[in-house]
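J.: Sharing a structure here in C-alpha cells format.
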Amino acid sequence: MANETLHKLVASATPLPIENIDTDQIIPARFLKATTREGFGDNLFRDWRYNADNTPKADFVLNNPTYAGAQILVAGKNFGMGSSREHAAWAIHDYGFRVVISSFFADIFKNNALNTFVLPAQVSDAFLAEVFKAIEANPHTQITVDLENQEIVLENGVKESFAINAYKKACLMNGYDDIDYLLSLNEEIKQYDLAHTNFE
C-alpha cells in the first residue's frame, strides 16, 4: 500500500449506528490468512454483509447502493473493541473508507487505523447523533473532515472539533509511516549530531 496524505476530505458517509462493534465483526478471524494489507475489503463486515450462501444481505447498509462510494464510515459508540487485529483497520481502508467517525474507539483499533492511514475521528455523543440525523435526512450529504483544523463540518454548518496526537497528525498529512517520519528529520538529526560532537 502506497502511503497516502490526508488534509481535508469532503465526502458522503455510510451510517452504521450500532454500538460495541468488535473487530471480529469488522473482519472475521477466518479471513486473516493473508499477510499483505490488500484484499480484506471484500470481507469487511462479512457476516453482516452476506448470507451463508454468499448472497448479499439486502438490508445491510454496505449493500445499499445509496451509499456506494462513501469514504466516511459513521459508527456507534465503542467502535473497534475486542481483539488487537490490525486487519480490521486494513479491511476498512481496503474497502475505501478514509475516515471513521464515532463517539469512542478502542485504543488499539485507533492506533491500527492511524498506522493504516485511516483517520478515527472521535466526537461527542451529541455530535454523532447530529451526523446520523444529517445522513438520515439526506443520504448523499457531504461531510467535511478537516484534519489540519481538526474539525468535522456538516452541510448545515454544525461542526465539532476532534483531537489527534500531533505526531500522528503530521504522519497523516505528509503520508509518513514511522520510518518516513524519522527520515524527514534527517537534516535536523545531522545538525544536532554535529552540534554535540564537535568539541574544541
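Just so we're on the same page: first chain in the C-alpha cells is A, next is B, and so on; residues restart at 1 for each chain, and ligands are numbered from 1 in the order they show up.
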Could you list, as a ChimeraX atom specification, every residue within 12 Å of Glu130 of chain A, counting only C-alpha atoms and ignoring same-chain residues fewer than 4 positions away?
T.: /A:15,17,74,101-103,123-126,134-137,143,152-160
J.: So that I can see what lies close to segment 25-33 of chain A, please list as an mmCIF file with N, CA, C and O atoms, in the first residue's frame the residues with an atom at most 12 Å from it, counting only C-alpha atoms and leaving out residues fewer than 5 positions away in the same chain.
T.:
```
data_model
loop_
_atom_site.group_PDB
_atom_site.id
_atom_site.type_symbol
_atom_site.label_atom_id
_atom_site.label_comp_id
_atom_site.auth_asym_id
_atom_site.auth_seq_id
_atom_site.Cartn_x
_atom_site.Cartn_y
_atom_site.Cartn_z
ATOM 1 N N LEU A 16 -23.665 3.472 10.269
ATOM 2 C CA LEU A 16 -23.732 2.162 10.910
ATOM 3 C C LEU A 16 -23.977 2.399 12.402
ATOM 4 O O LEU A 16 -23.067 2.284 13.228
ATOM 5 N N ILE A 18 -24.566 1.267 15.227
ATOM 6 C CA ILE A 18 -24.526 0.117 16.131
ATOM 7 C C ILE A 18 -23.381 0.343 17.109
ATOM 8 O O ILE A 18 -22.266 0.692 16.684
ATOM 9 N N GLU A 19 -23.634 0.144 18.387
ATOM 10 C CA GLU A 19 -22.583 0.311 19.401
ATOM 11 C C GLU A 19 -21.833 -0.996 19.621
ATOM 12 O O GLU A 19 -22.325 -2.076 19.315
ATOM 13 N N ASN A 20 -20.619 -0.855 20.157
ATOM 14 C CA ASN A 20 -19.794 -2.004 20.551
ATOM 15 C C ASN A 20 -19.493 -2.952 19.390
ATOM 16 O O ASN A 20 -19.580 -4.181 19.527
ATOM 17 N N GLU A 38 -3.796 -5.925 1.325
ATOM 18 C CA GLU A 38 -4.786 -5.841 0.269
ATOM 19 C C GLU A 38 -5.759 -7.017 0.298
ATOM 20 O O GLU A 38 -5.414 -8.114 0.729
ATOM 21 N N GLY A 39 -6.969 -6.773 -0.175
ATOM 22 C CA GLY A 39 -7.953 -7.836 -0.353
ATOM 23 C C GLY A 39 -8.907 -8.053 0.802
ATOM 24 O O GLY A 39 -9.828 -8.858 0.693
ATOM 25 N N PHE A 40 -8.727 -7.305 1.890
ATOM 26 C CA PHE A 40 -9.587 -7.515 3.052
ATOM 27 C C PHE A 40 -10.943 -6.813 2.922
ATOM 28 O O PHE A 40 -11.891 -7.155 3.608
ATOM 29 N N GLY A 41 -11.010 -5.818 2.047
ATOM 30 C CA GLY A 41 -12.249 -5.060 1.894
ATOM 31 C C GLY A 41 -13.424 -5.917 1.454
ATOM 32 O O GLY A 41 -14.560 -5.655 1.817
ATOM 33 N N ASP A 42 -13.150 -6.952 0.681
ATOM 34 C CA ASP A 42 -14.227 -7.840 0.209
ATOM 35 C C ASP A 42 -14.927 -8.536 1.374
ATOM 36 O O ASP A 42 -16.076 -8.962 1.238
ATOM 37 N N ASN A 43 -14.219 -8.684 2.480
ATOM 38 C CA ASN A 43 -14.792 -9.389 3.632
ATOM 39 C C ASN A 43 -15.084 -8.473 4.817
ATOM 40 O O ASN A 43 -15.339 -8.954 5.927
ATOM 41 N N LEU A 44 -15.051 -7.164 4.571
ATOM 42 C CA LEU A 44 -15.413 -6.216 5.628
ATOM 43 C C LEU A 44 -16.854 -6.483 6.060
ATOM 44 O O LEU A 44 -17.756 -6.547 5.226
ATOM 45 N N PHE A 45 -17.056 -6.646 7.356
ATOM 46 C CA PHE A 45 -18.375 -6.972 7.925
ATOM 47 C C PHE A 45 -19.000 -8.186 7.225
ATOM 48 O O PHE A 45 -20.209 -8.224 6.972
ATOM 49 N N ARG A 46 -18.178 -9.160 6.937
ATOM 50 C CA ARG A 46 -18.598 -10.306 6.129
ATOM 51 C C ARG A 46 -19.894 -10.954 6.631
ATOM 52 O O ARG A 46 -20.806 -11.210 5.836
ATOM 53 N N ASP A 47 -19.971 -11.237 7.919
ATOM 54 C CA ASP A 47 -21.132 -11.990 8.415
ATOM 55 C C ASP A 47 -22.389 -11.127 8.504
ATOM 56 O O ASP A 47 -23.493 -11.667 8.587
ATOM 57 N N TRP A 48 -22.226 -9.834 8.520
ATOM 58 C CA TRP A 48 -23.387 -8.934 8.486
ATOM 59 C C TRP A 48 -23.781 -8.640 7.042
ATOM 60 O O TRP A 48 -24.904 -8.259 6.765
ATOM 61 N N ARG A 49 -22.823 -8.807 6.161
ATOM 62 C CA ARG A 49 -22.992 -8.359 4.775
ATOM 63 C C ARG A 49 -23.518 -9.446 3.841
ATOM 64 O O ARG A 49 -24.164 -9.142 2.839
ATOM 65 N N ALA A 75 -20.030 5.299 12.780
ATOM 66 C CA ALA A 75 -20.404 4.127 13.569
ATOM 67 C C ALA A 75 -20.799 4.517 14.987
ATOM 68 O O ALA A 75 -20.463 5.600 15.472
ATOM 69 N N PHE A 79 -16.328 1.708 18.893
ATOM 70 C CA PHE A 79 -16.016 1.016 17.648
ATOM 71 C C PHE A 79 -14.616 0.391 17.725
ATOM 72 O O PHE A 79 -13.678 1.013 18.209
ATOM 73 N N GLY A 80 -14.491 -0.836 17.231
ATOM 74 C CA GLY A 80 -13.184 -1.489 17.154
ATOM 75 C C GLY A 80 -12.750 -2.173 18.429
ATOM 76 O O GLY A 80 -11.565 -2.450 18.632
ATOM 77 N N MET A 81 -13.701 -2.492 19.301
ATOM 78 C CA MET A 81 -13.359 -3.189 20.548
ATOM 79 C C MET A 81 -12.985 -4.655 20.247
ATOM 80 O O MET A 81 -13.121 -5.120 19.126
ATOM 81 N N GLY A 82 -12.528 -5.337 21.267
ATOM 82 C CA GLY A 82 -12.230 -6.759 21.112
ATOM 83 C C GLY A 82 -10.761 -7.004 20.873
ATOM 84 O O GLY A 82 -9.925 -6.472 21.589
ATOM 85 N N SER A 83 -10.440 -7.769 19.882
ATOM 86 C CA SER A 83 -9.053 -8.185 19.661
ATOM 87 C C SER A 83 -8.218 -7.043 19.100
ATOM 88 O O SER A 83 -8.740 -6.006 18.704
ATOM 89 N N SER A 84 -6.915 -7.259 19.061
ATOM 90 C CA SER A 84 -5.985 -6.237 18.568
ATOM 91 C C SER A 84 -5.704 -6.378 17.079
ATOM 92 O O SER A 84 -4.810 -5.718 16.574
ATOM 93 N N ARG A 85 -6.461 -7.185 16.382
ATOM 94 C CA ARG A 85 -6.112 -7.469 14.981
ATOM 95 C C ARG A 85 -6.091 -6.205 14.124
ATOM 96 O O ARG A 85 -7.067 -5.479 14.010
ATOM 97 N N GLU A 86 -4.930 -5.956 13.547
ATOM 98 C CA GLU A 86 -4.799 -4.779 12.683
ATOM 99 C C GLU A 86 -5.510 -4.976 11.354
ATOM 100 O O GLU A 86 -5.785 -4.009 10.636
ATOM 101 N N HIS A 87 -5.879 -6.221 11.055
ATOM 102 C CA HIS A 87 -6.608 -6.490 9.815
ATOM 103 C C HIS A 87 -7.943 -5.742 9.762
ATOM 104 O O HIS A 87 -8.468 -5.485 8.680
ATOM 105 N N ALA A 88 -8.495 -5.403 10.928
ATOM 106 C CA ALA A 88 -9.761 -4.666 10.943
ATOM 107 C C ALA A 88 -9.581 -3.299 10.282
ATOM 108 O O ALA A 88 -10.397 -2.876 9.459
ATOM 109 N N ALA A 89 -8.496 -2.638 10.639
ATOM 110 C CA ALA A 89 -8.209 -1.342 10.009
ATOM 111 C C ALA A 89 -7.870 -1.542 8.532
ATOM 112 O O ALA A 89 -8.261 -0.737 7.683
ATOM 113 N N TRP A 90 -7.135 -2.608 8.215
ATOM 114 C CA TRP A 90 -6.803 -2.879 6.813
ATOM 115 C C TRP A 90 -8.081 -3.059 5.987
ATOM 116 O O TRP A 90 -8.175 -2.590 4.859
ATOM 117 N N ALA A 91 -9.059 -3.790 6.539
ATOM 118 C CA ALA A 91 -10.301 -4.067 5.801
ATOM 119 C C ALA A 91 -11.075 -2.770 5.546
ATOM 120 O O ALA A 91 -11.626 -2.569 4.452
ATOM 121 N N ILE A 92 -11.103 -1.907 6.548
ATOM 122 C CA ILE A 92 -11.808 -0.629 6.388
ATOM 123 C C ILE A 92 -11.141 0.210 5.294
ATOM 124 O O ILE A 92 -11.802 0.777 4.426
ATOM 125 N N HIS A 93 -9.823 0.261 5.333
ATOM 126 C CA HIS A 93 -9.099 1.023 4.310
ATOM 127 C C HIS A 93 -9.265 0.383 2.935
ATOM 128 O O HIS A 93 -9.524 1.076 1.939
ATOM 129 N N ASP A 94 -9.138 -0.917 2.874
ATOM 130 C CA ASP A 94 -9.213 -1.610 1.583
ATOM 131 C C ASP A 94 -10.604 -1.467 0.954
ATOM 132 O O ASP A 94 -10.738 -1.429 -0.273
ATOM 133 N N TYR A 95 -11.623 -1.345 1.787
ATOM 134 C CA TYR A 95 -12.982 -1.148 1.260
ATOM 135 C C TYR A 95 -13.137 0.238 0.638
ATOM 136 O O TYR A 95 -13.933 0.427 -0.282
ATOM 137 N N PHE A 109 -7.499 -0.280 18.244
ATOM 138 C CA PHE A 109 -8.038 -0.040 16.900
ATOM 139 C C PHE A 109 -7.642 1.348 16.412
ATOM 140 O O PHE A 109 -7.261 1.527 15.254
#
```
J.: When distances are computed from only C-alpha atoms, which of A:Leu114, A:Leu128, A:Val61, A:Ala52 shows the smallest separation from Ala170 of chain A?
T.: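 Looking only at the distances to Ala170 of chain A, the closest residue turns out to be A:Leu114.
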J.: Quick one: residues within 10 Å of Val118 of chain A, only C-alpha atoms counted, chain neighbours fewer than 3 positions away excluded, as a PyMOL selection string?
T.: chain A and resi 4+6+72+89-90+92-93+96-100+110-115+121+172
J.: Run DSSP on the backbone and grab whatever in segment 82-185 of chain A lands in strand (DSSP E); send it over as a PyMOL selection string.
T.: chain A and resi 99-102+119-122+143-146+151-153+159-161
J.: Store the residues picked out above in a file with C-alpha atoms, as a PDB file, in the first residue's frame.
T.:
```pdb
ATOM      1  CA  VAL A  99     -12.318   8.295   7.944  1.00  0.00           C
ATOM      2  CA  VAL A 100     -14.329   6.596  10.685  1.00  0.00           C
ATOM      3  CA  ILE A 101     -16.423   8.842  12.916  1.00  0.00           C
ATOM      4  CA  SER A 102     -17.574   7.534  16.288  1.00  0.00           C
ATOM      5  CA  LEU A 119      -8.463   8.714  10.475  1.00  0.00           C
ATOM      6  CA  PRO A 120     -10.513   7.691  13.545  1.00  0.00           C
ATOM      7  CA  ALA A 121     -12.283  10.938  14.415  1.00  0.00           C
ATOM      8  CA  GLN A 122     -13.781  10.811  17.896  1.00  0.00           C
ATOM      9  CA  ILE A 143     -19.352  15.830   5.376  1.00  0.00           C
ATOM     10  CA  THR A 144     -16.138  17.821   5.599  1.00  0.00           C
ATOM     11  CA  VAL A 145     -13.347  16.310   7.656  1.00  0.00           C
ATOM     12  CA  ASP A 146     -10.649  18.960   8.024  1.00  0.00           C
ATOM     13  CA  GLU A 151     -12.865  19.684  12.818  1.00  0.00           C
ATOM     14  CA  ILE A 152     -15.818  17.999  11.163  1.00  0.00           C
ATOM     15  CA  VAL A 153     -18.389  20.202   9.450  1.00  0.00           C
ATOM     16  CA  LYS A 159     -19.372  21.373  13.400  1.00  0.00           C
ATOM     17  CA  GLU A 160     -17.205  19.916  16.113  1.00  0.00           C
ATOM     18  CA  SER A 161     -13.504  19.606  16.790  1.00  0.00           C
TER      19      SER A 161
END
```
